[in-house]
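Note: the block below is start.txt and it holds compact mmCIF, C-alpha atoms.
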```
# COMPACT_ATOMS: atom_id res chain seq x y z
CA MET H 593 95.71 131.48 119.51
CA ARG H 594 96.23 129.15 122.48
CA GLN H 595 99.87 128.87 121.57
CA LEU H 596 100.31 132.68 121.55
CA TRP H 597 98.51 132.98 124.90
CA SER H 598 100.77 130.29 126.33
CA ILE H 599 103.88 132.11 125.12
CA PHE H 600 102.59 135.41 126.60
CA SER H 601 101.83 133.76 129.97
CA GLN H 602 105.27 132.19 130.12
CA ALA H 603 106.95 135.54 129.27
CA VAL H 604 105.00 137.37 132.02
CA THR H 605 105.86 134.63 134.51
CA ALA H 606 109.55 134.84 133.57
CA CYS H 607 109.58 138.65 133.95
CA LEU H 608 107.92 138.48 137.35
CA GLY H 609 110.47 135.90 138.40
CA ILE H 610 113.35 138.14 137.28
CA LEU H 611 111.85 141.13 139.13
CA PHE H 612 111.46 139.04 142.27
CA VAL H 613 115.11 137.95 142.15
CA VAL H 614 116.36 141.49 141.48
CA LYS H 615 114.17 142.92 144.27
CA LEU H 616 115.40 140.24 146.66
CA PHE H 617 119.12 140.51 145.98
CA TYR H 618 119.54 144.03 144.48
CA PRO H 619 116.83 146.24 146.06
CA ASN H 620 118.71 149.53 145.37
CA LEU H 621 118.43 148.99 141.61
CA LEU H 622 114.66 149.45 141.75
CA THR H 623 114.62 152.36 144.24
CA GLN H 624 114.77 155.98 143.06
CA PRO H 625 116.82 157.99 145.58
CA SER H 626 114.67 160.49 147.50
CA ASN H 627 115.56 164.12 148.13
CA GLN H 628 116.38 163.24 151.71
CA THR H 629 118.80 160.55 150.50
CA LEU H 630 120.46 163.04 148.16
CA VAL H 631 120.82 165.59 151.00
CA ILE H 632 122.36 162.95 153.25
CA LYS H 633 124.81 161.92 150.51
CA GLU H 634 125.71 165.58 149.88
CA SER H 635 126.19 166.24 153.60
CA THR H 636 128.34 163.12 153.88
CA ALA H 637 130.43 164.29 150.93
CA ASN H 638 130.87 167.74 152.54
CA ALA H 639 131.81 166.18 155.86
CA THR H 640 134.35 163.94 154.11
CA ALA H 641 135.85 166.93 152.30
CA ILE H 642 136.10 168.92 155.54
CA ALA H 643 137.69 165.96 157.31
CA LYS H 644 140.36 165.83 154.60
CA SER H 645 141.11 169.52 154.12
CA GLY H 646 139.59 171.26 157.15
CA TYR H 647 138.04 174.65 156.36
CA ARG H 648 140.68 175.80 153.90
CA SER H 649 138.13 176.25 151.10
CA ALA H 650 135.90 178.49 153.21
CA ALA H 651 138.85 180.50 154.50
CA SER H 652 140.48 180.94 151.08
CA LYS H 653 137.14 182.04 149.63
CA ALA H 654 136.50 184.74 152.24
CA MET H 655 139.97 185.97 153.24
CA PRO H 656 140.53 188.17 150.15
CA SER H 657 137.31 190.05 151.08
CA VAL H 658 138.52 190.97 154.59
CA VAL H 659 140.63 194.10 154.95
CA ASN H 660 142.62 195.77 157.71
CA ILE H 661 141.57 199.29 158.68
CA PHE H 662 144.01 201.83 160.07
CA THR H 663 142.70 205.12 161.45
CA THR H 664 144.51 208.24 162.53
CA ALA H 665 143.24 210.90 164.91
CA LYS H 666 145.13 213.94 166.13
CA LEU H 667 145.64 214.29 169.84
CA SER H 668 143.68 217.04 171.56
CA GLN H 669 145.47 220.29 172.09
CA ASP H 670 147.63 220.37 175.19
CA PRO H 671 146.03 222.74 177.77
CA HIS H 672 149.53 223.73 178.95
CA ARG H 673 150.71 224.76 175.49
CA ALA H 674 150.50 228.46 176.32
CA LEU H 675 152.56 227.94 179.51
CA LYS H 676 155.19 225.96 177.60
CA ASN H 677 155.68 228.92 175.27
CA ASP H 678 156.10 231.27 178.21
CA PRO H 679 159.85 232.13 178.75
CA LEU H 680 159.48 232.26 182.55
CA PHE H 681 157.84 228.79 182.60
CA ARG H 682 160.61 227.39 180.37
CA HIS H 683 163.25 228.96 182.64
CA PHE H 684 162.04 226.96 185.65
CA PHE H 685 161.27 223.66 183.90
CA GLY H 686 164.16 223.57 181.41
CA GLU H 687 164.50 222.39 177.85
CA GLU H 688 162.88 219.00 178.55
CA MET H 689 159.57 220.81 178.56
CA GLU H 690 160.20 221.81 174.95
CA GLU H 691 157.09 221.82 172.86
CA GLU H 692 156.55 218.62 170.95
CA GLU H 693 154.55 218.18 167.83
CA ASP H 694 151.19 216.53 168.27
CA GLN H 695 151.61 212.82 167.69
CA PRO H 696 148.73 211.06 165.95
CA GLU H 697 146.85 208.22 167.60
CA ASN H 698 146.75 205.08 165.47
CA SER H 699 144.11 202.42 165.90
CA LEU H 700 143.18 199.45 163.81
CA GLY H 701 140.31 197.17 163.10
CA SER H 702 138.93 195.11 160.24
CA GLY H 703 136.38 195.45 157.48
CA VAL H 704 134.62 193.38 154.82
CA ILE H 705 134.41 194.18 151.10
CA VAL H 706 130.72 193.92 150.20
CA SER H 707 130.79 195.16 146.59
CA ASP H 708 133.34 194.86 143.82
CA ASP H 709 133.35 198.65 143.34
CA GLY H 710 134.81 199.40 146.76
CA LEU H 711 132.12 199.40 149.46
CA ILE H 712 133.36 198.12 152.82
CA LEU H 713 131.36 197.25 155.95
CA THR H 714 132.93 197.75 159.37
CA ASN H 715 132.04 198.79 162.91
CA ASN H 716 131.20 202.42 163.63
CA HIS H 717 133.43 202.39 166.71
CA VAL H 718 136.42 201.49 164.52
CA ILE H 719 136.24 204.75 162.54
CA SER H 720 134.08 207.08 164.66
CA SER H 721 136.90 209.35 165.88
CA ALA H 722 139.15 209.04 162.83
CA ASP H 723 140.54 212.01 160.90
CA ARG H 724 142.06 209.72 158.30
CA ILE H 725 141.21 206.15 157.29
CA GLU H 726 143.47 203.77 155.40
CA VAL H 727 142.52 200.32 154.17
CA ALA H 728 145.02 197.52 153.61
CA LEU H 729 143.82 194.86 151.15
CA SER H 730 144.76 191.21 151.47
CA ASP H 731 147.20 191.56 148.54
CA GLY H 732 149.17 194.27 150.37
CA ARG H 733 147.78 197.35 148.62
CA LYS H 734 146.94 200.33 150.87
CA LEU H 735 144.24 202.80 149.89
CA SER H 736 142.59 205.83 151.48
CA ALA H 737 138.93 205.39 152.40
CA THR H 738 136.05 207.80 152.85
CA VAL H 739 132.99 207.36 155.06
CA VAL H 740 129.75 206.83 153.13
CA GLY H 741 127.64 206.80 156.28
CA THR H 742 127.39 205.45 159.81
CA ASP H 743 124.73 203.97 162.06
CA PRO H 744 125.75 204.21 165.73
CA ASP H 745 122.55 202.46 166.84
CA THR H 746 123.81 199.19 165.35
CA ASP H 747 127.52 200.10 165.45
CA LEU H 748 127.90 199.78 161.69
CA ALA H 749 129.62 201.98 159.12
CA VAL H 750 130.07 201.88 155.35
CA LEU H 751 133.36 203.00 153.78
CA LYS H 752 134.34 203.54 150.14
CA ILE H 753 137.68 203.05 148.43
CA ASN H 754 138.42 204.13 144.88
CA GLN H 755 139.06 200.71 143.39
CA LYS H 756 137.20 198.38 141.02
CA LYS H 757 136.96 194.61 140.54
CA LEU H 758 137.48 193.84 144.20
CA PRO H 759 136.74 190.39 145.72
CA ALA H 760 133.34 191.03 147.32
CA ILE H 761 132.17 188.54 149.92
CA THR H 762 129.06 186.38 149.43
CA PHE H 763 126.17 186.90 151.86
CA ALA H 764 124.66 183.88 153.58
CA SER H 765 120.98 183.41 154.43
CA SER H 766 120.20 184.33 158.04
CA GLU H 767 117.37 181.80 158.22
CA GLN H 768 119.82 178.92 157.80
CA MET H 769 121.91 179.76 160.88
CA LYS H 770 121.52 177.35 163.78
CA VAL H 771 123.16 176.98 167.18
CA GLY H 772 126.02 174.53 166.82
CA ASP H 773 126.93 175.48 163.25
CA VAL H 774 130.67 175.82 162.62
CA VAL H 775 131.85 179.40 161.98
CA LEU H 776 135.15 181.11 161.22
CA ALA H 777 136.17 184.60 162.35
CA ILE H 778 138.54 186.56 160.10
CA GLY H 779 140.22 189.80 161.15
CA ASN H 780 143.41 191.49 162.31
CA PRO H 781 143.69 190.80 166.08
CA PHE H 782 146.22 192.95 167.96
CA GLY H 783 147.63 194.09 164.60
CA VAL H 784 149.49 190.82 163.99
CA GLY H 785 147.99 190.42 160.50
CA GLN H 786 145.04 188.63 158.97
CA THR H 787 144.02 185.71 161.18
CA VAL H 788 141.38 182.97 160.96
CA THR H 789 139.87 181.36 164.07
CA GLN H 790 137.25 178.62 164.31
CA GLY H 791 134.34 177.93 166.63
CA ILE H 792 130.59 177.41 166.62
CA ILE H 793 127.47 179.51 166.94
CA SER H 794 126.88 179.47 170.70
CA ALA H 795 123.58 181.37 170.68
CA LEU H 796 121.35 183.51 168.46
CA GLY H 797 119.36 186.64 169.23
CA ARG H 798 121.49 187.83 172.15
CA ASN H 799 120.27 191.16 173.49
CA HIS H 800 120.05 193.19 176.72
CA LEU H 801 123.85 193.47 176.64
CA GLY H 802 123.97 197.27 176.69
CA ILE H 803 126.30 197.39 173.68
CA ASN H 804 124.03 198.90 171.00
CA THR H 805 120.57 200.42 170.86
CA PHE H 806 119.41 197.62 168.57
CA GLU H 807 120.79 194.25 169.61
CA ASN H 808 120.27 190.88 167.99
CA PHE H 809 123.73 189.37 168.22
CA ILE H 810 125.16 186.06 167.11
CA GLN H 811 127.23 184.68 169.99
CA THR H 812 130.26 182.58 169.08
CA ASP H 813 133.23 180.98 170.81
CA ALA H 814 135.52 181.58 167.81
CA SER H 815 138.43 183.64 169.17
CA ILE H 816 137.72 187.35 168.69
CA ASN H 817 140.21 189.87 170.04
CA PRO H 818 140.88 193.63 169.76
CA GLY H 819 141.43 194.32 166.08
CA ASN H 820 138.84 191.78 164.97
CA SER H 821 136.12 194.43 165.20
CA GLY H 822 134.47 194.93 161.82
CA GLY H 823 135.81 191.65 160.46
CA ALA H 824 133.90 188.74 158.98
CA LEU H 825 132.13 185.86 160.67
CA ILE H 826 131.61 183.24 157.97
CA ASP H 827 129.99 179.82 157.70
CA SER H 828 131.72 176.61 156.63
CA ASN H 829 131.07 177.51 152.99
CA GLY H 830 132.87 180.86 153.23
CA ASN H 831 129.72 183.01 153.18
CA LEU H 832 129.24 186.03 155.43
CA ILE H 833 126.87 185.51 158.36
CA GLY H 834 127.90 188.40 160.61
CA ILE H 835 130.18 191.37 161.35
CA ASN H 836 132.33 190.76 164.44
CA SER H 837 131.58 193.55 166.87
CA ALA H 838 132.33 192.92 170.54
CA ILE H 839 133.64 190.46 173.11
CA TYR H 840 132.98 189.72 176.74
CA SER H 841 136.31 189.92 178.51
CA ARG H 842 137.81 190.61 181.91
CA ASN H 843 141.34 191.15 180.65
CA GLY H 844 140.88 192.53 177.12
CA GLY H 845 141.47 189.18 175.41
CA SER H 846 139.18 186.45 174.14
CA MET H 847 137.33 184.41 176.74
CA GLY H 848 135.21 182.41 174.31
CA ILE H 849 132.28 184.85 174.25
CA GLY H 850 132.17 187.01 171.14
CA PHE H 851 129.31 188.84 169.46
CA ALA H 852 128.63 189.51 165.79
CA ILE H 853 125.95 191.60 164.08
CA PRO H 854 123.84 189.28 161.87
CA VAL H 855 124.21 189.68 158.13
CA SER H 856 120.47 190.44 157.77
CA ILE H 857 120.85 193.59 159.88
CA ALA H 858 124.18 194.53 158.31
CA LYS H 859 122.77 194.20 154.80
CA GLN H 860 119.72 196.33 155.56
CA VAL H 861 121.82 199.07 157.16
CA MET H 862 124.34 198.97 154.31
CA GLU H 863 121.65 199.30 151.64
CA GLN H 864 120.02 202.30 153.37
CA ILE H 865 123.34 204.06 153.96
CA THR H 866 124.42 203.44 150.37
CA PHE H 867 121.12 204.73 149.00
CA SER H 868 120.51 207.75 151.25
CA GLY H 869 123.58 208.18 153.47
CA SER H 870 121.68 207.36 156.66
CA VAL H 871 119.32 204.82 158.19
CA THR H 872 115.60 205.47 158.61
CA ARG H 873 113.71 203.45 161.22
CA GLY H 874 110.15 203.16 162.36
CA TRP H 875 108.98 204.74 165.62
CA ILE H 876 105.71 204.84 167.53
CA GLY H 877 106.68 206.88 170.59
CA ILE H 878 106.46 204.68 173.67
CA GLU H 879 108.65 203.86 176.65
CA ALA H 880 108.53 200.19 177.50
CA GLN H 881 109.91 197.67 179.96
CA ASP H 882 110.03 193.91 180.18
CA VAL H 883 107.17 192.04 181.83
CA THR H 884 108.64 190.43 184.94
CA PRO H 885 106.95 187.49 186.71
CA GLU H 886 105.79 189.93 189.38
CA LEU H 887 104.24 192.28 186.79
CA ALA H 888 102.65 189.32 185.00
CA GLU H 889 101.01 188.27 188.26
CA SER H 890 99.80 191.79 189.06
CA PHE H 891 98.29 192.14 185.55
CA SER H 892 96.82 188.62 185.71
CA LEU H 893 98.79 187.52 182.67
CA LYS H 894 99.30 183.85 181.85
CA SER H 895 102.98 184.44 181.02
CA ASN H 896 105.61 187.16 181.26
CA SER H 897 105.85 187.46 177.48
CA GLY H 898 105.25 190.92 176.07
CA SER H 899 106.32 194.50 176.73
CA LEU H 900 104.73 196.81 179.30
CA ILE H 901 104.08 200.31 177.99
CA ALA H 902 105.42 202.50 180.79
CA GLY H 903 104.92 205.82 179.02
CA VAL H 904 103.49 207.33 175.85
CA LEU H 905 105.10 210.37 174.22
CA LEU H 906 102.83 213.34 173.63
CA ASN H 907 101.60 213.72 170.04
CA SER H 908 103.38 210.54 169.02
CA PRO H 909 101.81 207.88 166.76
CA ALA H 910 101.06 205.79 169.85
CA ASP H 911 99.43 208.74 171.60
CA ARG H 912 97.26 209.57 168.58
CA ALA H 913 96.24 205.91 168.22
CA GLY H 914 95.06 205.72 171.85
CA LEU H 915 97.75 203.58 173.51
CA ARG H 916 98.00 204.10 177.25
CA PRO H 917 100.59 203.49 179.96
CA GLY H 918 99.82 200.10 181.48
CA ASP H 919 98.93 198.44 178.17
CA ILE H 920 100.81 195.23 177.46
CA LEU H 921 102.10 195.04 173.88
CA VAL H 922 102.09 191.37 172.81
CA GLY H 923 102.25 191.56 169.00
CA ILE H 924 103.00 193.81 166.05
CA ASN H 925 101.67 192.87 162.61
CA ASP H 926 101.19 189.27 163.78
CA LYS H 927 104.79 189.09 165.03
CA PRO H 928 104.95 188.11 168.72
CA VAL H 929 106.58 190.56 171.13
CA THR H 930 108.55 188.61 173.73
CA ASP H 931 110.20 191.52 175.52
CA SER H 932 111.04 195.21 175.13
CA GLN H 933 114.11 194.53 172.99
CA SER H 934 112.20 192.43 170.47
CA MET H 935 109.52 195.12 170.42
CA LEU H 936 112.15 197.77 169.65
CA ASN H 937 113.66 195.67 166.86
CA ILE H 938 110.28 194.93 165.23
CA ILE H 939 109.22 198.59 165.28
CA ALA H 940 112.58 199.73 163.91
CA MET H 941 112.09 197.48 160.89
CA LEU H 942 108.80 199.20 160.02
CA LYS H 943 108.77 201.96 157.41
CA PRO H 944 107.56 205.45 158.33
CA GLN H 945 104.00 206.17 157.13
CA ASP H 946 103.15 202.46 156.97
CA LYS H 947 100.16 201.12 158.87
CA ALA H 948 100.81 198.75 161.77
CA ILE H 949 98.45 196.59 163.80
CA LEU H 950 99.38 196.38 167.48
CA SER H 951 97.97 193.62 169.69
CA ILE H 952 97.65 194.76 173.28
CA VAL H 953 96.28 193.47 176.55
CA ARG H 954 94.32 196.09 178.48
CA SER H 955 92.40 195.29 181.66
CA GLY H 956 92.77 191.59 180.97
CA LYS H 957 91.28 191.81 177.46
CA THR H 958 93.18 191.48 174.17
CA SER H 959 92.45 194.02 171.45
CA GLU H 960 94.05 195.45 168.31
CA ILE H 961 94.96 199.06 167.58
CA GLU H 962 95.99 200.43 164.19
CA LEU H 963 98.43 203.30 163.93
CA THR H 964 100.59 205.07 161.35
CA VAL H 965 104.27 204.50 161.95
CA GLY H 966 106.44 207.57 162.43
CA LYS H 967 110.12 208.21 161.74
CA ARG H 968 112.52 207.57 164.60
CA PRO H 969 113.80 211.00 165.71
CA LEU H 970 117.24 211.89 166.96
CA PRO H 971 117.66 211.21 170.69
CA ALA H 972 115.99 213.91 172.75
CA LYS H 973 114.44 214.27 176.17
CA PRO H 974 110.78 213.33 175.68
CA GLN H 975 107.59 214.60 177.25
CA ILE H 976 105.43 211.84 178.72
CA ALA H 977 101.67 211.81 178.22
CA ALA H 978 99.59 211.67 181.38
CA ASP H 979 98.10 208.34 182.37
CA ASP H 980 94.38 208.16 181.64
```
This structure in structure tokens:
Amino acid sequence: MRQLWSIFSQAVTACLGILFVVKLFYPNLLTQPSNQTLVIKESTANATAIAKSGYRSAASKAMPSVVNIFTTAKLSQDPHRALKNDPLFRHFFGEEMEEEEDQPENSLGSGVIVSDDGLILTNNHVISSADRIEVALSDGRKLSATVVGTDPDTDLAVLKINQKKLPAITFASSEQMKVGDVVLAIGNPFGVGQTVTQGIISALGRNHLGINTFENFIQTDASINPGNSGGALIDSNGNLIGINSAIYSRNGGSMGIGFAIPVSIAKQVMEQITFSGSVTRGWIGIEAQDVTPELAESFSLKSNSGSLIAGVLLNSPADRAGLRPGDILVGINDKPVTDSQSMLNIIAMLKPQDKAILSIVRSGKTSEIELTVGKRPLPAKPQIAADD
């Protein structure tokens, strides 16, 4: 028995000695890689791949999904047409005033294939005045397109071409976008053909630009020029993160400030248009303005965050719920309201007939008001409820 115990003790001692040596000279052999280590290794591998091949994989993945859009609109009727047909007028002005056939106006932009059965996302301003729309695929095919629906408030439109098995783009997750991320813009600038430019996300949530009713733009310094409108803004993996929409420019060309509609908004608008042909948004019936430092001081607010209710529409959901001019709206369904634009965006995302809890500051006290969300009406001149 003593001999067995001695052998056991010696074996344990030898094992501990081996473990000590391995731990001392080969520590990685006894360490299970953590998730963080795996992420770092994966990121390093991606960075190495990009360093070797640039962004060719992302570009080649997304480029087949980006199309060129050509629109045609007839010129308005010449007001002098009747005079041109008058013999006396033609006698004085000669044959050079001969009537000419109306020449069509041609414009172009870009679009993104979002389903393999022919749905295409683009900007509303690209096709808004078009009598005829033609789409040129990346493989050279040209097809006529019809308008499924438009949403001028976000400057988005959905087109349809009669073609199957198309290379639809992959949507990225909006939550993963960060300032500084590398992005690529794909489109047809100035009609030169499909072009890829590279930059970064310069800012998120840009608003108060006066471009659209609902603004929540991605700002990028990737070169965006006339003709890029409606094209794709993609991440370094080739996934769609936005629809290129507008640029800030003094001369009509790129100055390093471009704006794209986030994929989250584009997807929501696309789904509603595809399902019902139009977009339905929530509405509560108030006129609001930003809380300036001066207003914050006059209302004894600790900060200038929130939206001042300047007016309440008669018989609107807000009016029926008891909101008053002078109330400060600071939250909707536990989502903070930072300014009037964020308030507008949050309300628009609500569904008509849903209940909403509004947090307001009235006479220095915070309270909550419940109301039933209405449907956003077509633009019309409103009547303003009297201030209580």
Identify which of the residues H:Asn808, H:Ser730, H:Thr866, H:Gln860 lies closest to Leu936 of chain H, counting only C-alpha atoms when measuring atom-to-atom distances.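 Result for the nearest residue to Leu936 of chain H: H:Asn808.
With atom CA of Ala838 of chain H on one side and atom CA of Leu735 of chain H on the other, the separation reads 25.8 Å.
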To one decimal place in Å, what is the distance between atom CA of Leu801 of chain H and atom CA of Leu751 of chain H?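 Going from atom CA of Leu801 of chain H over to atom CA of Leu751 of chain H covers 26.5 Å.
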Pick from H:Val740, H:Val784, H:Met769, H:Leu748 nearest to Asn820 of chain H, counting all atoms listed in the file: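 Closest residue, counting all atoms listed in the file: H:Val784.
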Let me make sure I understand: among H:Ser707, H:Thr930, H:Ser649, H:Thr738, which one has the smallest atom-to-atom distance to Asn896 of chain H if we use all atoms listed in the file?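 The shortest atom-to-atom distance to Asn896 of chain H comes from H:Thr930.
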Which of these residues is nearest to Ile835 of chain H, using all atoms listed in the file: H:Arg648, H:Lys967, H:Lys859, H:Lys752?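 Ranked by minimum distance to Ile835 of chain H, first place goes to H:Lys859.
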Looking at all atoms listed in the file, which of H:Ala852, H:Ala913, H:Leu758, H:Ile833 is the one that sits closest to Ile803 of chain H?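 For Ile803 of chain H, the nearest of the candidates is H:Ala852.
Residues surrounding segment 791-799 of chain H within 7 Å are Val771, Gly772, Asp773, Val774, Val775, Leu776, Glu807, Asn808, Phe809, Ile810, Gln811, Thr812, Asp813 and Ala814 of chain H [all atoms listed in the file; sequence separation below 5 positions excluded].
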Shell of 12 Å around Pro656 of chain H, only C-alpha atoms, local chain residues under 4 positions omitted, as JSON, numbers by chain: {"H": [650, 651, 652, 660, 703, 704, 705, 706, 708, 728, 729, 730, 731, 732, 733, 758, 759, 760, 761, 762, 778, 779, 786, 787, 823, 824, 830]}
Identify, on the basis of all atoms listed in the file, every residue whose closest approach to Glu962 of chain H does not exceed 9 Å; exclude the query and any residue fewer than 5 positions from it along the same chain; express the result as a PyMOL selection string. chain H and resi 913+947-951
Using all atoms listed in the file for the distances, tell me which of H:Val750, H:Ile901, H:Leu921, H:Ile876 is nearest to Ser959 of chain H.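 Of H:Val750, H:Ile901, H:Leu921, H:Ile876, the one nearest Ser959 of chain H is H:Leu921, counting all atoms listed in the file.
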